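Text of the file final_22.cif, holding mmCIF, C-alpha atoms:
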```cif
data_query
loop_
_atom_site.group_PDB
_atom_site.id
_atom_site.type_symbol
_atom_site.label_atom_id
_atom_site.label_comp_id
_atom_site.auth_asym_id
_atom_site.auth_seq_id
_atom_site.Cartn_x
_atom_site.Cartn_y
_atom_site.Cartn_z
ATOM 1 C CA PRO A 1 -15.628 -49.481 56.294
ATOM 2 C CA LEU A 2 -12.921 -49.476 58.962
ATOM 3 C CA SER A 3 -12.559 -52.704 60.848
ATOM 4 C CA ARG A 4 -13.507 -52.768 64.528
ATOM 5 C CA SER A 5 -9.895 -53.467 65.544
ATOM 6 C CA ARG A 6 -8.558 -50.529 63.560
ATOM 7 C CA SER A 7 -11.126 -48.076 64.920
ATOM 8 C CA ARG A 8 -10.146 -49.057 68.455
ATOM 9 C CA SER A 9 -6.431 -48.580 67.845
ATOM 10 C CA TYR A 10 -6.517 -44.955 66.651
ATOM 11 C CA THR A 11 -3.384 -43.067 67.619
ATOM 12 C CA LYS A 12 -2.114 -39.686 66.546
ATOM 13 C CA ASP A 13 1.456 -39.811 65.250
ATOM 14 C CA MET A 14 2.484 -36.599 67.000
ATOM 15 C CA PRO A 15 0.236 -35.655 69.952
ATOM 16 C CA ASP A 16 -0.245 -31.973 70.718
ATOM 17 C CA LEU A 17 0.625 -30.459 74.080
ATOM 18 C CA PRO A 18 -2.409 -29.077 75.945
ATOM 19 C CA ILE A 19 -1.541 -25.676 77.409
ATOM 20 C CA MET A 20 -3.268 -22.769 79.135
ATOM 21 C CA LEU A 21 -2.251 -19.588 77.302
ATOM 22 C CA LYS A 22 -2.360 -16.252 79.145
ATOM 23 C CA LEU A 23 -3.908 -13.631 76.877
ATOM 24 C CA ALA A 24 -4.963 -10.873 79.273
ATOM 25 C CA GLY A 25 -4.145 -7.545 77.673
ATOM 26 C CA ARG A 26 -2.434 -9.176 74.704
ATOM 27 C CA ARG A 27 -3.234 -8.219 71.128
ATOM 28 C CA CYS A 28 -4.979 -11.135 69.403
ATOM 29 C CA LEU A 29 -5.761 -10.834 65.711
ATOM 30 C CA ILE A 30 -8.684 -12.466 63.918
ATOM 31 C CA VAL A 31 -8.859 -12.287 60.132
ATOM 32 C CA GLY A 32 -12.405 -13.041 59.034
ATOM 33 C CA GLY A 33 -15.839 -11.927 60.114
ATOM 34 C CA GLY A 34 -18.059 -15.009 60.040
ATOM 35 C CA PRO A 35 -19.384 -17.433 62.673
ATOM 36 C CA VAL A 36 -16.011 -19.075 63.374
ATOM 37 C CA ALA A 37 -14.358 -15.693 63.857
ATOM 38 C CA LEU A 38 -17.192 -14.745 66.191
ATOM 39 C CA ARG A 39 -16.681 -17.857 68.339
ATOM 40 C CA ARG A 40 -12.942 -17.234 68.558
ATOM 41 C CA ALA A 41 -13.525 -13.598 69.499
ATOM 42 C CA ARG A 42 -15.861 -14.570 72.327
ATOM 43 C CA ALA A 43 -13.417 -17.176 73.619
ATOM 44 C CA MET A 44 -10.527 -14.705 73.680
ATOM 45 C CA LEU A 45 -12.603 -11.934 75.239
ATOM 46 C CA ALA A 46 -13.369 -14.355 78.064
ATOM 47 C CA CYS A 47 -9.600 -14.389 78.667
ATOM 48 C CA ASP A 48 -9.487 -10.561 78.736
ATOM 49 C CA ALA A 49 -7.548 -10.366 75.477
ATOM 50 C CA HIS A 50 -7.384 -7.270 73.282
ATOM 51 C CA VAL A 51 -9.168 -8.679 70.242
ATOM 52 C CA VAL A 52 -8.654 -7.100 66.818
ATOM 53 C CA VAL A 53 -10.928 -8.281 63.988
ATOM 54 C CA ILE A 54 -10.150 -7.533 60.346
ATOM 55 C CA ALA A 55 -12.595 -8.321 57.544
ATOM 56 C CA PRO A 56 -14.441 -6.454 54.797
ATOM 57 C CA GLN A 57 -17.721 -7.561 56.392
ATOM 58 C CA LEU A 58 -18.630 -8.703 59.899
ATOM 59 C CA ALA A 59 -21.438 -10.828 61.278
ATOM 60 C CA PRO A 60 -24.011 -8.577 63.015
ATOM 61 C CA ASP A 61 -23.277 -10.065 66.454
ATOM 62 C CA PHE A 62 -19.818 -8.494 66.417
ATOM 63 C CA GLU A 63 -21.558 -5.222 67.283
ATOM 64 C CA THR A 64 -22.299 -6.633 70.736
ATOM 65 C CA LEU A 65 -18.638 -7.460 71.472
ATOM 66 C CA ASP A 66 -15.947 -5.236 72.935
ATOM 67 C CA VAL A 67 -13.502 -5.765 70.074
ATOM 68 C CA GLU A 68 -11.471 -3.508 67.800
ATOM 69 C CA THR A 69 -12.727 -3.868 64.233
ATOM 70 C CA HIS A 70 -11.331 -2.835 60.851
ATOM 71 C CA LEU A 71 -13.665 -3.203 57.869
ATOM 72 C CA ARG A 72 -11.030 -3.839 55.227
ATOM 73 C CA LYS A 73 -8.749 -6.508 53.807
ATOM 74 C CA TYR A 74 -5.860 -7.942 55.789
ATOM 75 C CA LYS A 75 -2.375 -6.411 55.551
ATOM 76 C CA ALA A 76 0.885 -8.022 56.665
ATOM 77 C CA SER A 77 1.501 -5.087 59.010
ATOM 78 C CA ASP A 78 -1.578 -6.167 60.997
ATOM 79 C CA LEU A 79 0.585 -8.847 62.597
ATOM 80 C CA LYS A 80 2.710 -6.286 64.433
ATOM 81 C CA ASP A 81 2.643 -6.853 68.212
ATOM 82 C CA ALA A 82 0.110 -9.677 67.876
ATOM 83 C CA ARG A 83 0.382 -12.593 70.314
ATOM 84 C CA LEU A 84 -1.567 -14.850 67.978
ATOM 85 C CA VAL A 85 -3.653 -14.773 64.834
ATOM 86 C CA VAL A 86 -6.755 -16.711 63.840
ATOM 87 C CA THR A 87 -7.296 -17.167 60.114
ATOM 88 C CA ALA A 88 -11.036 -17.577 59.615
ATOM 89 C CA THR A 89 -11.668 -16.532 56.044
ATOM 90 C CA ASP A 90 -13.172 -18.641 53.248
ATOM 91 C CA ASP A 91 -10.022 -18.098 51.131
ATOM 92 C CA ALA A 92 -7.583 -20.962 51.732
ATOM 93 C CA ARG A 93 -4.766 -19.207 49.854
ATOM 94 C CA LEU A 94 -5.151 -16.103 52.001
ATOM 95 C CA ASN A 95 -5.215 -18.188 55.163
ATOM 96 C CA ALA A 96 -2.009 -19.930 54.088
ATOM 97 C CA ARG A 97 -0.317 -16.615 53.294
ATOM 98 C CA ILE A 98 -1.239 -15.176 56.678
ATOM 99 C CA ALA A 99 0.110 -18.309 58.368
ATOM 100 C CA ARG A 100 3.459 -18.025 56.551
ATOM 101 C CA GLN A 101 3.787 -14.355 57.430
ATOM 102 C CA ALA A 102 2.848 -15.019 61.042
ATOM 103 C CA GLU A 103 5.504 -17.721 61.314
ATOM 104 C CA ARG A 104 8.153 -15.260 60.133
ATOM 105 C CA HIS A 105 7.021 -12.803 62.809
ATOM 106 C CA GLY A 106 6.894 -15.405 65.568
ATOM 107 C CA VAL A 107 3.107 -15.107 65.905
ATOM 108 C CA LEU A 108 1.118 -18.207 66.844
ATOM 109 C CA VAL A 109 -1.424 -19.289 64.213
ATOM 110 C CA ASN A 110 -4.809 -20.954 64.476
ATOM 111 C CA ARG A 111 -6.121 -21.949 61.055
ATOM 112 C CA ALA A 112 -9.849 -22.462 61.234
ATOM 113 C CA ASP A 113 -9.930 -24.015 57.758
ATOM 114 C CA ASP A 114 -7.000 -26.423 58.214
ATOM 115 C CA ALA A 115 -6.049 -27.045 61.839
ATOM 116 C CA ASP A 116 -3.039 -29.215 60.975
ATOM 117 C CA GLN A 117 -1.377 -26.263 59.234
ATOM 118 C CA GLY A 118 -1.522 -24.048 62.320
ATOM 119 C CA ASP A 119 0.395 -23.904 65.597
ATOM 120 C CA PHE A 120 -2.548 -24.555 67.886
ATOM 121 C CA THR A 121 -6.189 -25.536 68.008
ATOM 122 C CA VAL A 122 -8.904 -24.449 70.432
ATOM 123 C CA PRO A 123 -10.569 -27.372 72.218
ATOM 124 C CA ALA A 124 -14.187 -27.455 73.277
ATOM 125 C CA HIS A 125 -13.992 -25.757 76.643
ATOM 126 C CA ARG A 126 -15.920 -24.010 79.363
ATOM 127 C CA HIS A 127 -14.872 -21.951 82.367
ATOM 128 C CA GLU A 128 -16.679 -22.609 85.639
ATOM 129 C CA GLY A 129 -15.200 -20.415 88.356
ATOM 130 C CA PRO A 130 -11.557 -21.423 88.815
ATOM 131 C CA LEU A 131 -12.076 -24.619 86.815
ATOM 132 C CA THR A 132 -11.650 -24.992 83.078
ATOM 133 C CA VAL A 133 -12.822 -28.171 81.375
ATOM 134 C CA ALA A 134 -11.443 -28.673 77.866
ATOM 135 C CA VAL A 135 -11.816 -31.618 75.499
ATOM 136 C CA HIS A 136 -10.055 -32.165 72.198
ATOM 137 C CA ALA A 137 -10.995 -35.124 70.023
ATOM 138 C CA GLY A 138 -7.756 -35.222 68.037
ATOM 139 C CA GLY A 139 -9.256 -33.362 65.106
ATOM 140 C CA VAL A 140 -11.741 -36.182 64.478
ATOM 141 C CA SER A 141 -14.873 -34.335 65.608
ATOM 142 C CA ALA A 142 -15.274 -30.942 67.280
ATOM 143 C CA SER A 143 -18.921 -31.828 67.924
ATOM 144 C CA ALA A 144 -17.898 -34.941 69.862
ATOM 145 C CA GLY A 145 -15.472 -32.878 71.914
ATOM 146 C CA ALA A 146 -18.265 -30.454 72.855
ATOM 147 C CA GLN A 147 -20.609 -33.287 73.816
ATOM 148 C CA ILE A 148 -17.963 -34.975 75.966
ATOM 149 C CA ARG A 149 -17.183 -31.643 77.624
ATOM 150 C CA ASP A 150 -20.838 -31.215 78.524
ATOM 151 C CA GLN A 151 -21.032 -34.765 79.876
ATOM 152 C CA LEU A 152 -17.997 -34.184 82.086
ATOM 153 C CA LEU A 153 -19.418 -30.955 83.459
ATOM 154 C CA ALA A 154 -22.812 -32.569 84.092
ATOM 155 C CA SER A 155 -21.148 -35.322 86.138
ATOM 156 C CA LEU A 156 -18.894 -32.969 88.116
ATOM 157 C CA ASP A 157 -19.507 -32.699 91.850
ATOM 158 C CA PRO A 158 -20.391 -28.993 92.291
ATOM 159 C CA ASP A 159 -18.672 -28.956 95.685
ATOM 160 C CA TRP A 160 -15.334 -29.192 93.866
ATOM 161 C CA LEU A 161 -15.968 -25.729 92.431
ATOM 162 C CA ARG A 162 -16.869 -24.328 95.840
ATOM 163 C CA LEU A 163 -13.821 -25.939 97.419
ATOM 164 C CA LEU A 164 -11.472 -24.564 94.762
ATOM 165 C CA GLU A 165 -12.858 -21.071 95.309
ATOM 166 C CA ALA A 166 -12.381 -21.421 99.069
ATOM 167 C CA ILE A 167 -8.774 -22.643 98.929
ATOM 168 C CA ALA A 168 -7.576 -20.396 96.104
ATOM 169 C CA PRO A 169 -6.008 -17.700 98.358
ATOM 170 C CA TYR A 170 -4.025 -20.281 100.295
ATOM 171 C CA ARG A 171 -1.883 -21.576 97.437
ATOM 172 C CA LYS A 172 0.289 -18.467 97.283
ATOM 173 C CA ALA A 173 0.434 -18.310 101.072
ATOM 174 C CA ILE A 174 1.795 -21.864 101.249
ATOM 175 C CA GLN A 175 4.292 -21.157 98.483
ATOM 176 C CA LYS A 176 5.461 -18.093 100.390
ATOM 177 C CA THR A 177 5.688 -19.608 103.882
ATOM 178 C CA THR A 178 7.009 -23.088 103.082
ATOM 179 C CA THR A 179 10.540 -23.142 101.698
ATOM 180 C CA ASP A 180 11.177 -26.901 101.657
ATOM 181 C CA PRO A 181 10.077 -28.206 98.203
ATOM 182 C CA GLN A 182 8.855 -31.596 99.410
ATOM 183 C CA GLU A 183 6.914 -30.158 102.327
ATOM 184 C CA ARG A 184 5.438 -27.494 100.049
ATOM 185 C CA GLN A 185 4.223 -30.070 97.534
ATOM 186 C CA ALA A 186 2.748 -32.186 100.319
ATOM 187 C CA LYS A 187 0.825 -29.190 101.637
ATOM 188 C CA LEU A 188 -0.460 -28.301 98.182
ATOM 189 C CA ARG A 189 -1.633 -31.887 97.634
ATOM 190 C CA ARG A 190 -3.439 -31.804 100.964
ATOM 191 C CA LEU A 191 -4.958 -28.423 100.126
ATOM 192 C CA ALA A 192 -6.975 -29.860 97.221
ATOM 193 C CA SER A 193 -7.339 -33.436 98.395
ATOM 194 C CA SER A 194 -10.446 -35.587 98.455
ATOM 195 C CA GLU A 195 -10.191 -35.469 102.245
ATOM 196 C CA MET A 196 -10.459 -31.687 102.131
ATOM 197 C CA LEU A 197 -13.524 -32.073 99.924
ATOM 198 C CA ASP A 198 -15.030 -34.423 102.510
ATOM 199 C CA LEU A 199 -14.326 -31.849 105.222
ATOM 200 C CA PHE A 200 -16.065 -29.200 103.113
ATOM 201 C CA LYS A 201 -19.115 -31.432 102.746
ATOM 202 C CA SER A 202 -19.303 -32.457 106.396
ATOM 203 C CA ASP A 203 -18.271 -29.289 108.260
ATOM 204 C CA GLY A 204 -18.563 -26.444 105.766
ATOM 205 C CA GLU A 205 -16.372 -23.748 104.282
ATOM 206 C CA GLN A 206 -15.136 -22.265 107.549
ATOM 207 C CA ALA A 207 -13.716 -25.620 108.639
ATOM 208 C CA VAL A 208 -11.840 -25.784 105.336
ATOM 209 C CA ARG A 209 -10.481 -22.269 105.850
ATOM 210 C CA ASP A 210 -9.332 -23.204 109.366
ATOM 211 C CA ALA A 211 -7.578 -26.266 107.958
ATOM 212 C CA CYS A 212 -5.929 -24.136 105.279
ATOM 213 C CA ASP A 213 -4.737 -21.665 107.900
ATOM 214 C CA ALA A 214 -3.123 -24.579 109.711
ATOM 215 C CA LEU A 215 -1.411 -25.750 106.535
ATOM 216 C CA CYS A 216 0.153 -22.324 106.121
ATOM 217 C CA VAL A 217 1.817 -22.794 109.528
ATOM 218 C CA ARG A 218 2.854 -26.420 109.845
ATOM 219 C CA LEU A 219 2.222 -29.690 108.030
ATOM 220 C CA ASP A 220 1.448 -32.061 110.915
ATOM 221 C CA GLU A 221 -1.546 -30.142 112.316
ATOM 222 C CA PRO A 222 -4.882 -31.871 111.666
ATOM 223 C CA PRO A 223 -7.705 -29.715 110.363
ATOM 224 C CA PRO A 224 -10.126 -28.394 112.977
ATOM 225 C CA GLY A 225 -13.842 -29.038 112.883
ATOM 226 C CA GLY A 226 -13.624 -32.790 113.335
ATOM 227 C CA GLY A 227 -12.164 -33.493 109.904
ATOM 228 C CA HIS A 228 -9.166 -35.643 109.147
ATOM 229 C CA VAL A 229 -6.620 -35.191 106.382
ATOM 230 C CA THR A 230 -4.631 -38.181 105.228
ATOM 231 C CA ASP A 231 -0.842 -38.136 105.209
ATOM 232 C CA PRO A 232 0.098 -36.145 102.062
ATOM 233 C CA ASP A 233 2.359 -38.940 100.827
ATOM 234 C CA GLN A 234 -0.774 -41.049 100.376
ATOM 235 C CA LEU A 235 -2.406 -38.434 98.137
ATOM 236 C CA LYS A 236 -0.365 -39.044 95.008
#
```
Could you write out this file's structure as structure tokens?
Amino acid sequence: PLSRSRSRSYTKDMPDLPIMLKLAGRRCLIVGGGPVALRRARAMLACDAHVVVIAPQLAPDFETLDVETHLRKYKASDLKDARLVVTATDDARLNARIARQAERHGVLVNRADDADQGDFTVPAHRHEGPLTVAVHAGGVSASAGAQIRDQLLASLDPDWLRLLEAIAPYRKAIQKTTTDPQERQAKLRRLASSEMLDLFKSDGEQAVRDACDALCVRLDEPPPGGGHVTDPDQLK
């Protein structure tokens, strides 16, 4: 068994970069028709991707999804115009061949059977309004990642979600009206600060909107409704 000291000192030699990938309207290929392929299809549909599934047989639940399906074997030409490909077959040699061909075409690869041989992995995640919570356990345990994700969501103050929805339109307005980079960053920090959350809790959404309107005009105006926003330089 691993010693206690070693288990506490786990580090990954080359950490991956967490990113948010825009897939709306993009062609995303899935090769395979089983449960893993089904999960990937649902995740990409949630991002408004154009999902194409290729497999000789598909799990019955695919019939409920708005995906393009081809009941046949994979062909190299299937990679044309694809943004990414998920290899989710039970044939490791086929998965490896698809990955090599995808690399030559500049197509990102997710290998369901061997994550280390692909370009990206899909963490345990959930979208809640404008918020996305994602947890990756370094390839040690996908189940642990899902459990930690659920714990984080269960402990989340629901008013954060309501606040983010309320302030969402103001981000672009501040970016448009404030040309000085430092002032713009200070306004954006204030926009989603804990003080703004306190204002939301104490005085409601309209008070937050009034404060956001003020931020779009000038930085030194305190929010109306009796709230108080700390100096942005203290919100780092």
Task: Hits of the PyMOL selection byres ((chain A and resi 157-171) around 12) in this structure, as a ChimeraX atom specification - done: /A:127-133,152-156,172-178,184-202,204-217
Open item on the list: Residue by residue, what does the PyMOL selection byres ((chain A and resi 94-98) around 12) grab here? Present the result as a ChimeraX atom specification.
Closed with: /A:29-32,73-79,84-93,99-105,107-118
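For the pair atom CA of A:Arg39 and atom CA of A:Gln151, the separation is 20.9 Å.
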- [ ] Have a look at atom CA of A:Pro35 and atom CA of A:Asp48 and let me know their distance in Å, one decimal.
- [x] 20.1 Å
- [ ] Name the residues captured by the PyMOL selection byres ((chain A and resi 66) around 10) when it is applied to the shown file; answer as a ChimeraX atom specification.
- [x] /A:41-42,45,50-52,62-65,67-69
Could you pull the residues within 9 Å of A:Asp81, counting all atoms listed in the file, minus those fewer than 4 positions along the same chain, as a JSON list (two decimals) with C-alpha atoms, keeping the file's coordinate frame?
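Saved to out.json:
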```json
[["chain", "number", "residue", "atom", "x", "y", "z"],
["A", 26, "ARG", "CA", -2.43, -9.18, 74.70],
["A", 27, "ARG", "CA", -3.23, -8.22, 71.13],
["A", 28, "CYS", "CA", -4.98, -11.14, 69.40],
["A", 107, "VAL", "CA", 3.11, -15.11, 65.90]]
```
Task: Which of A:Ala134, A:Gln182, A:Ile54, A:Gly25 sits closest to A:Val122 [using only C-alpha atoms] - done: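 Among A:Ala134, A:Gln182, A:Ile54, A:Gly25, it is A:Ala134 that comes nearest to A:Val122.
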With 3 Å added on each side, what axis-aligned box encloses every listed atom of stretch 157-160 of chain A? Give the centre and edge lengths in Å to one decimal, as lines of an AutoDock Vina configuration file.
```
center_x = -17.9
center_y = -30.8
center_z = 93.8
size_x = 11.1
size_y = 9.7
size_z = 9.8
```
TODO: Please indicate the distance in Å from atom CA of A:Val53 to atom CA of A:Met20, rounded to one decimal place.
DONE: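 Computing it gives 22.3 Å between the two atoms.
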Task: A:Gly34, A:Gly145, A:Pro15, A:Pro181 ranked by distance to A:Pro56, top pick (using only C-alpha atoms) - done: A:Gly34
TODO: May I ask which of the residues A:Ala82, A:Ile19, A:Ala24, A:His125 is the closest one to A:Met44, counting only C-alpha atoms?
DONE: A:Ala24
